[in-house]
Each structure stands twice: as C-alpha cells, then as structure tokens.
Amino acid sequence: MHIAVTGATGFLGRHVVPALLSRGARVTAMMRTASNPKPWLEGCSMAHLDMAEPRSDAFDLLGRPDCVLHMAWHGLPNYNSAHHFEVELPRQYLFLKYLLMGGLGRLLVTGTCFEYGMQPGALAETDPTRPSNPYGFAKDALRREIEFLKRNLSFSLVWARLFYTFGDGQPETSLFGQFLRAASRGEALFNMSPGDQLRDYLPAPVMGDMIARLALGHGDPGPVNVCSGKPVSVRSLVEGWIRERGVRMELNLGHFSYSDLEPLAFWGDATKIRRLLSMPDGAGRNLTTIRSTEGNLP
C-alpha cells in the first residue's frame with residue numbers, strides 16, 4: 001500500500017513513518033524543501049510540496065498514493081492564536097480538497113481531543129464537539145468541511161482524534177520535554193501543576209503505530225479517538241517517568257496553575273479504535289499486533 005505522509009519530519013512523524021515501513025507500506029514523505037531528511041525517513045520517497053501554496057496537481061506530484069496521512073499543522077503550541085482559523089484552516093482545506101478532487105480514495109487527518117472542548121469525563125466519538133480554543137475550532141471546522149466534500153466526491157475518511165502522548169523528539173515546551181530537560185540537568189525539584197488532573201496518555205511509539213494501522217485499514221470510520229481509554233493523573237504519570245529513569249527528583253506540585261484549555265478530568269472512550277484495530281489489514285494481518293517496545297494497545 002502506498003501512503004503519502006505530511007508532517008513526516010515532525011515529532012509524530014518520527015514514530016508514524018517507521019510504523020508504516022515496518023508494516024510493509026511504501027511511504028512518500030512530503031517536504032517543503034530538499035533539506036537533509038530525518039534519519040527515520042530512510043527508505044521513503046520524497047515529494048517536495050509546500051502546503052502554503054496548494055496545487056491542483058498535488059495528488060499526481062505525491063505519486064497518486066492509496067492513502068494520504070495528513071499530520072502537518074503550523075502555529076503550535078499556541079492553541080489560542082487566531083492563526084489557526086484565519087490562515088491554517090483555509091490553507092489546509094484547499095490542499096486537501098485538491099488531493100480529493102485529483103482522485104485520492106483514502107484520507108487520514110489527525111484531529112485533536114480539543115475538539116471536545118471543556119466537556120469532562122469519558123468522551124466518545126458520538127459526543128458533540130464543542131471546541132473552546134482556536135486550534136480545536138479550526139480542526140473541527142476542517143473535519144466538517146471535508147465531510148461536506150463527500151456529497152460530491154467518493155473517498156473514505158479517518159479523522160484520528162488524538163489525545164495525549166509523550167516520547168522521544170517531543171518539544172521542550174511539552175510536559176515530557178520539560179521533565180527530560182530537568183532530569184538531564186540533575187535538578188532536584190520539578191515544577192508542575194497540582195497534578196491531580198486526569199488525562200489520557202499513550203507512549204508516542206504506540207500512538208504512532210495506531211495511526212499507521214488506521215491508515216492501512218479499510219472502511220470509512222470517520223472520527224476515531226486515538227487514546228488508551230484509561231485515565232491517569234498527571235502526577236502519577238510524572239512519578240512513573242522518575243521511577244523508570246531512576247532519577248532523584250521531587251515534585252513541586254502547584255507551582256503552575258491548572259490549564260484553562262481543558263477540563264480537570266477527561267479521557268477518551270477507546271471502544272471504537274479497539275474494534276477497528278481488531279480488523280485485518282489489506283494483507284490479512286490482524287492489526288492488533290503491536291510493534292513497539294514501549295507499550296501495548298490497552
């Protein structure tokens with residue numbers, strides 16, 4: 001199966017692309033420039049396209065893949081910037097529209113749990129979306145726009161609504177990035193929030209493999225929570241990182257206030273993704289087989 005990937009050079013790309021390659025996919029990585037490729041892109045073909053300048057022949061330039069796995073999005077981690085709906089949303093829509101009009105038959109786009117907004121508890125794909133920040137709004141609007149295209153175009157859509165992840169290559173602004181920096185400096189105290197927030201976290205290799213398997217799958221599932229389905233407190237998560245790495249570090253709980261971007265406790269309902277990943281892929285293999293050393297499908 002030929003899969004073209006946008007955002008292949010980013011944090012998620014370094015986990016998704018190897019998962020695709022390990023499962024026998026032929027991968028074309030879309031890049032804006034002909035700069036030195038990342039080491040995890042070895043074995044991929046390259047296509048040089050700039051999403052900021054959408055082209056009507058983009059599908060042909062990507063090699064007419066069986067699926068486009070679209071992860072690229074600019075303007076993060078400033079979730080409250082108007083850039084997301086003023087600039088990114090129209091740019092992304094036109095890029096994806098050209099691909100679909102060119103003949104693309106399967107599209108996977110990474111969405112965000114922020115599409116659910118401030119709703120607490122276990123969130124299922126059947127729950128309404130109520131985004132409360134510009135990033136979540138723009139992602140949700142993009143999904144709706146793509147769904148309107150289904151009235152005139154024939155294609156399958158996987159809207160991979162991502163919850164939280166951590167792993168190698170994550171920006172230093174993330175919780176895991178801040179922890180790694182503090183640990184590398186030998187800091188005895190780690191400043192963080194109160195830590196009693198409940199979130200849904202997956203190790204990045206596991207999330208990357210789940211996204212890859214959704215791209216390699218069949219059907220037209222629409223929105224799919226990419227999550228563990230198991231809430232964990234942020235404090236417990238960080239304490240686990242401390243134990244795993246054997247560092248001497250105390251948590252300075254309450255140094256930072258709660259985020260106003262999300263409710264105190266929410267996580268994904270994993271029923272749908274468990275069902276989808278129990279189905280065989282195009283080669284007849286069961287998709288629940290995890291190829292990761294950092295975790296298993298919950």
# chains A, B, ... in the order shown; residues from 1 in each chain; ligands from 1

$ select_by_dssp --residues "range 92-260 of chain A" --states "alpha helix (DSSP H)" --output "mmCIF file with C-alpha atoms, in the first residue's frame"
data_model
loop_
_atom_site.group_PDB
_atom_site.id
_atom_site.type_symbol
_atom_site.label_atom_id
_atom_site.label_comp_id
_atom_site.auth_asym_id
_atom_site.auth_seq_id
_atom_site.Cartn_x
_atom_site.Cartn_y
_atom_site.Cartn_z
ATOM 1 C CA GLN A 92 -5.396 23.126 4.794
ATOM 2 C CA TYR A 93 -8.864 22.819 3.299
ATOM 3 C CA LEU A 94 -7.719 23.847 -0.165
ATOM 4 C CA PHE A 95 -4.734 21.481 -0.027
ATOM 5 C CA LEU A 96 -6.903 18.508 0.954
ATOM 6 C CA LYS A 97 -9.662 19.457 -1.488
ATOM 7 C CA TYR A 98 -7.181 19.388 -4.374
ATOM 8 C CA LEU A 99 -5.984 15.933 -3.310
ATOM 9 C CA LEU A 100 -9.528 14.579 -3.188
ATOM 10 C CA MET A 101 -10.531 16.192 -6.470
ATOM 11 C CA PRO A 134 -8.998 28.476 18.162
ATOM 12 C CA TYR A 135 -6.929 25.357 17.466
ATOM 13 C CA GLY A 136 -9.720 22.970 18.418
ATOM 14 C CA PHE A 137 -12.226 25.097 16.495
ATOM 15 C CA ALA A 138 -10.103 25.093 13.335
ATOM 16 C CA LYS A 139 -9.574 21.328 13.442
ATOM 17 C CA ASP A 140 -13.276 20.687 13.983
ATOM 18 C CA ALA A 141 -14.183 23.087 11.174
ATOM 19 C CA LEU A 142 -11.751 21.342 8.828
ATOM 20 C CA ARG A 143 -13.398 17.994 9.568
ATOM 21 C CA ARG A 144 -16.822 19.416 8.803
ATOM 22 C CA GLU A 145 -15.590 20.972 5.568
ATOM 23 C CA ILE A 146 -14.075 17.671 4.416
ATOM 24 C CA GLU A 147 -17.282 15.830 5.276
ATOM 25 C CA PHE A 148 -19.213 18.229 3.028
ATOM 26 C CA LEU A 149 -16.961 17.167 0.131
ATOM 27 C CA LEU A 175 5.451 18.229 29.936
ATOM 28 C CA PHE A 176 7.722 15.348 28.912
ATOM 29 C CA GLY A 177 10.198 17.714 27.287
ATOM 30 C CA GLN A 178 10.366 19.826 30.434
ATOM 31 C CA PHE A 179 10.866 16.703 32.537
ATOM 32 C CA LEU A 180 13.720 15.427 30.354
ATOM 33 C CA ARG A 181 15.441 18.803 30.492
ATOM 34 C CA ALA A 182 15.169 18.940 34.286
ATOM 35 C CA ALA A 183 16.419 15.361 34.603
ATOM 36 C CA SER A 184 19.390 15.989 32.303
ATOM 37 C CA ALA A 204 4.474 8.006 21.196
ATOM 38 C CA PRO A 205 5.564 4.722 19.519
ATOM 39 C CA VAL A 206 2.221 3.175 20.466
ATOM 40 C CA MET A 207 0.254 6.169 19.201
ATOM 41 C CA GLY A 208 2.339 6.207 16.022
ATOM 42 C CA ASP A 209 1.621 2.542 15.410
ATOM 43 C CA MET A 210 -2.098 3.016 16.000
ATOM 44 C CA ILE A 211 -2.202 5.885 13.482
ATOM 45 C CA ALA A 212 -0.279 3.797 10.956
ATOM 46 C CA ARG A 213 -2.689 0.887 11.353
ATOM 47 C CA LEU A 214 -5.698 3.155 10.896
ATOM 48 C CA ALA A 215 -4.150 4.411 7.635
ATOM 49 C CA LEU A 216 -3.573 0.830 6.466
ATOM 50 C CA VAL A 234 -0.559 13.857 35.624
ATOM 51 C CA ARG A 235 1.212 13.389 38.949
ATOM 52 C CA SER A 236 1.223 9.589 38.568
ATOM 53 C CA LEU A 237 2.493 9.928 35.023
ATOM 54 C CA VAL A 238 5.483 12.048 36.049
ATOM 55 C CA GLU A 239 6.207 9.841 39.049
ATOM 56 C CA GLY A 240 6.364 6.919 36.631
ATOM 57 C CA TRP A 241 8.918 8.740 34.492
ATOM 58 C CA ILE A 242 11.031 9.369 37.593
ATOM 59 C CA ARG A 243 10.970 5.690 38.564
ATOM 60 C CA GLU A 244 11.721 4.477 35.047
ATOM 61 C CA ARG A 245 14.779 6.686 34.760
#

$ atom_distance --atom1 "CA of Ala58 in chain A" --atom2 "CA of Val87 in chain A"
19.5 Å

$ select_by_dssp --residues "range 171-272 of chain A" --states "strand (DSSP E)" --output "mmCIF file with C-alpha atoms, in the first residue's frame"
data_model
loop_
_atom_site.group_PDB
_atom_site.id
_atom_site.type_symbol
_atom_site.label_atom_id
_atom_site.label_comp_id
_atom_site.auth_asym_id
_atom_site.auth_seq_id
_atom_site.Cartn_x
_atom_site.Cartn_y
_atom_site.Cartn_z
ATOM 1 C CA LEU A 189 12.851 19.775 42.036
ATOM 2 C CA PHE A 190 10.400 19.588 39.145
ATOM 3 C CA ASN A 191 7.917 22.446 38.988
ATOM 4 C CA LEU A 198 -6.877 13.134 34.796
ATOM 5 C CA ARG A 199 -5.679 12.728 31.211
ATOM 6 C CA TYR A 201 -1.744 9.333 27.587
ATOM 7 C CA LEU A 202 -0.101 6.930 25.150
ATOM 8 C CA PRO A 203 3.646 6.429 24.558
ATOM 9 C CA GLY A 222 -14.904 8.987 10.311
ATOM 10 C CA PRO A 223 -13.834 10.295 13.744
ATOM 11 C CA VAL A 224 -11.792 7.852 15.827
ATOM 12 C CA ASN A 225 -10.357 8.562 19.279
ATOM 13 C CA VAL A 226 -6.659 7.637 19.318
ATOM 14 C CA VAL A 232 -4.187 8.672 34.624
ATOM 15 C CA SER A 233 -3.319 11.582 36.882
ATOM 16 C CA GLU A 250 10.865 15.741 43.989
ATOM 17 C CA LEU A 251 7.684 17.191 42.535
ATOM 18 C CA ASN A 252 6.913 20.816 43.309
ATOM 19 C CA PHE A 266 -11.280 13.879 30.697
ATOM 20 C CA TRP A 267 -10.149 10.917 28.649
ATOM 21 C CA GLY A 268 -11.102 9.058 25.503
#

$ residues_around --residues "Ala72 in chain A" --least-positions-apart "6" --cutoff "8 Å" --atoms "only C-alpha atoms" --output "PyMOL selection string"
chain A and resi 6-8

$ residues_around --residues "Gly103 in chain A" --least-positions-apart "3" --cutoff "10 Å" --atoms "only C-alpha atoms" --output "mmCIF file with C-alpha atoms, in the first residue's frame"
data_model
loop_
_atom_site.group_PDB
_atom_site.id
_atom_site.type_symbol
_atom_site.label_atom_id
_atom_site.label_comp_id
_atom_site.auth_asym_id
_atom_site.auth_seq_id
_atom_site.Cartn_x
_atom_site.Cartn_y
_atom_site.Cartn_z
ATOM 1 C CA PHE A 59 -2.153 14.222 -5.897
ATOM 2 C CA ASP A 60 -0.105 13.485 -9.030
ATOM 3 C CA ARG A 64 -1.116 9.083 -6.646
ATOM 4 C CA PRO A 65 -0.953 7.228 -3.294
ATOM 5 C CA ASP A 66 -3.615 4.882 -1.977
ATOM 6 C CA TYR A 98 -7.181 19.388 -4.374
ATOM 7 C CA LEU A 99 -5.984 15.933 -3.310
ATOM 8 C CA LEU A 100 -9.528 14.579 -3.188
ATOM 9 C CA ARG A 106 -8.500 7.383 1.368
ATOM 10 C CA LEU A 153 -16.624 13.021 -4.110
ATOM 11 C CA SER A 154 -16.106 9.363 -3.242
ATOM 12 C CA PHE A 155 -13.454 8.753 -0.589
#

$ closest_residue --among "A:Thr271, A:Gln170, A:Ser56, A:Ser156" --to "Asp220 in chain A" --atoms "only C-alpha atoms"
A:Ser156

$ closest_residue --among "A:Ala265, A:Leu107, A:Leu62, A:Leu253" --to "Gly219 in chain A" --atoms "only C-alpha atoms"
A:Leu107

$ closest_residue --among "A:Ser35, A:Asn80, A:Ser45, A:Thr173" --to "Val17 in chain A" --atoms "only C-alpha atoms"
A:Ser45

$ closest_residue --among "A:Arg161, A:His74, A:Arg32, A:Arg23" --to "His2 in chain A" --atoms "only C-alpha atoms"
A:Arg23
